[in-house]
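Worksheet: one structure, shown below.
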Amino acid sequence: MTHSLCLGPKKRGIRRLGLVGALLAGALFYPSAALAATQSAPPPREYTYDSGFVAKGQARVPPRVAMPDPGDGTTCWSVTTTRSRGLWPYGRAIHLYTIWCGKSGIITYRESSAWPSVDFLCSASDVWWGKVGGGAGWSFVDVQAQAAFACDSPWWFDWHDFLMQRIRYHPNGYYETIAYQ
């Protein structure tokens, strides 16, 4: 007598392959914990502040030659923000580090750099970052960082996606995420 749950070796193999495929697809498209937390919250206003944005929580940066003299009341801040997606071994992220200075409600200086990070089954390309709005002499500066990613799969196809973050920095040490993909 055969039990209805007993499957032949071929059907068990197909089910295992389907399960592995579903797990890999879930790992690839699962959003980061930070993104998942923001998605479970009620819909935000047009612009929302990141938690932990207060200047006292950020590192104050000693002046360098290219930065304005802080003796005139200028204050500078720095922060690294990260946009990530995926679970190991398909994790990928774009990091944006920015130093910005402000005085009397005006941005006086901004310098940024960006870099990707990936788990071993993914690679990054086309990394770009730059100012996309405001700047020195304005009441804000918007900086965007982005990268393209490709992740290998155990099948004949690969997964490709794109991560982007656009951050608005204010001359009082505050910053906010105004766009992401």
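By order of appearance in the structure tokens: chains A, B, ..., then residues from 1 within every chain, and ligands from 1 in the order shown.
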Quick one: which segment 123-158 of chain A residues come within 12 Å of segment 76-94 of chain A, and what is the nearest atom pair for each with the distance in Å to one decimal, counting only C-alpha atoms, rows ordered by chain and ascending number, as a tab-separated table?
```
residue	atom	partner	partner_atom	distance
A:Ser123	CA	A:Arg92	CA	8.2
A:Ala124	CA	A:Arg92	CA	8.1
A:Ser125	CA	A:Ile94	CA	10.8
A:Asp126	CA	A:Ile94	CA	11.2
A:Val127	CA	A:Ile94	CA	8.4
A:Trp128	CA	A:Ile94	CA	9.8
A:Trp129	CA	A:Ile94	CA	10.1
A:Val143	CA	A:Thr81	CA	11.1
A:Gln144	CA	A:Ile94	CA	10.5
A:Ala145	CA	A:Ile94	CA	7.1
A:Gln146	CA	A:Ile94	CA	6.5
A:Ala147	CA	A:Ile94	CA	6.6
A:Ala148	CA	A:Ile94	CA	9.4
A:Phe149	CA	A:Arg92	CA	7.4
A:Ala150	CA	A:Arg92	CA	9.3
A:Cys151	CA	A:Tyr90	CA	6.6
A:Asp152	CA	A:Tyr90	CA	8.5
A:Ser153	CA	A:Tyr90	CA	9.4
A:Asp158	CA	A:Tyr90	CA	11.4
```
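Across the model, the gap from atom CA of Phe157 of chain A to atom CA of Pro116 of chain A is 22.5 Å.
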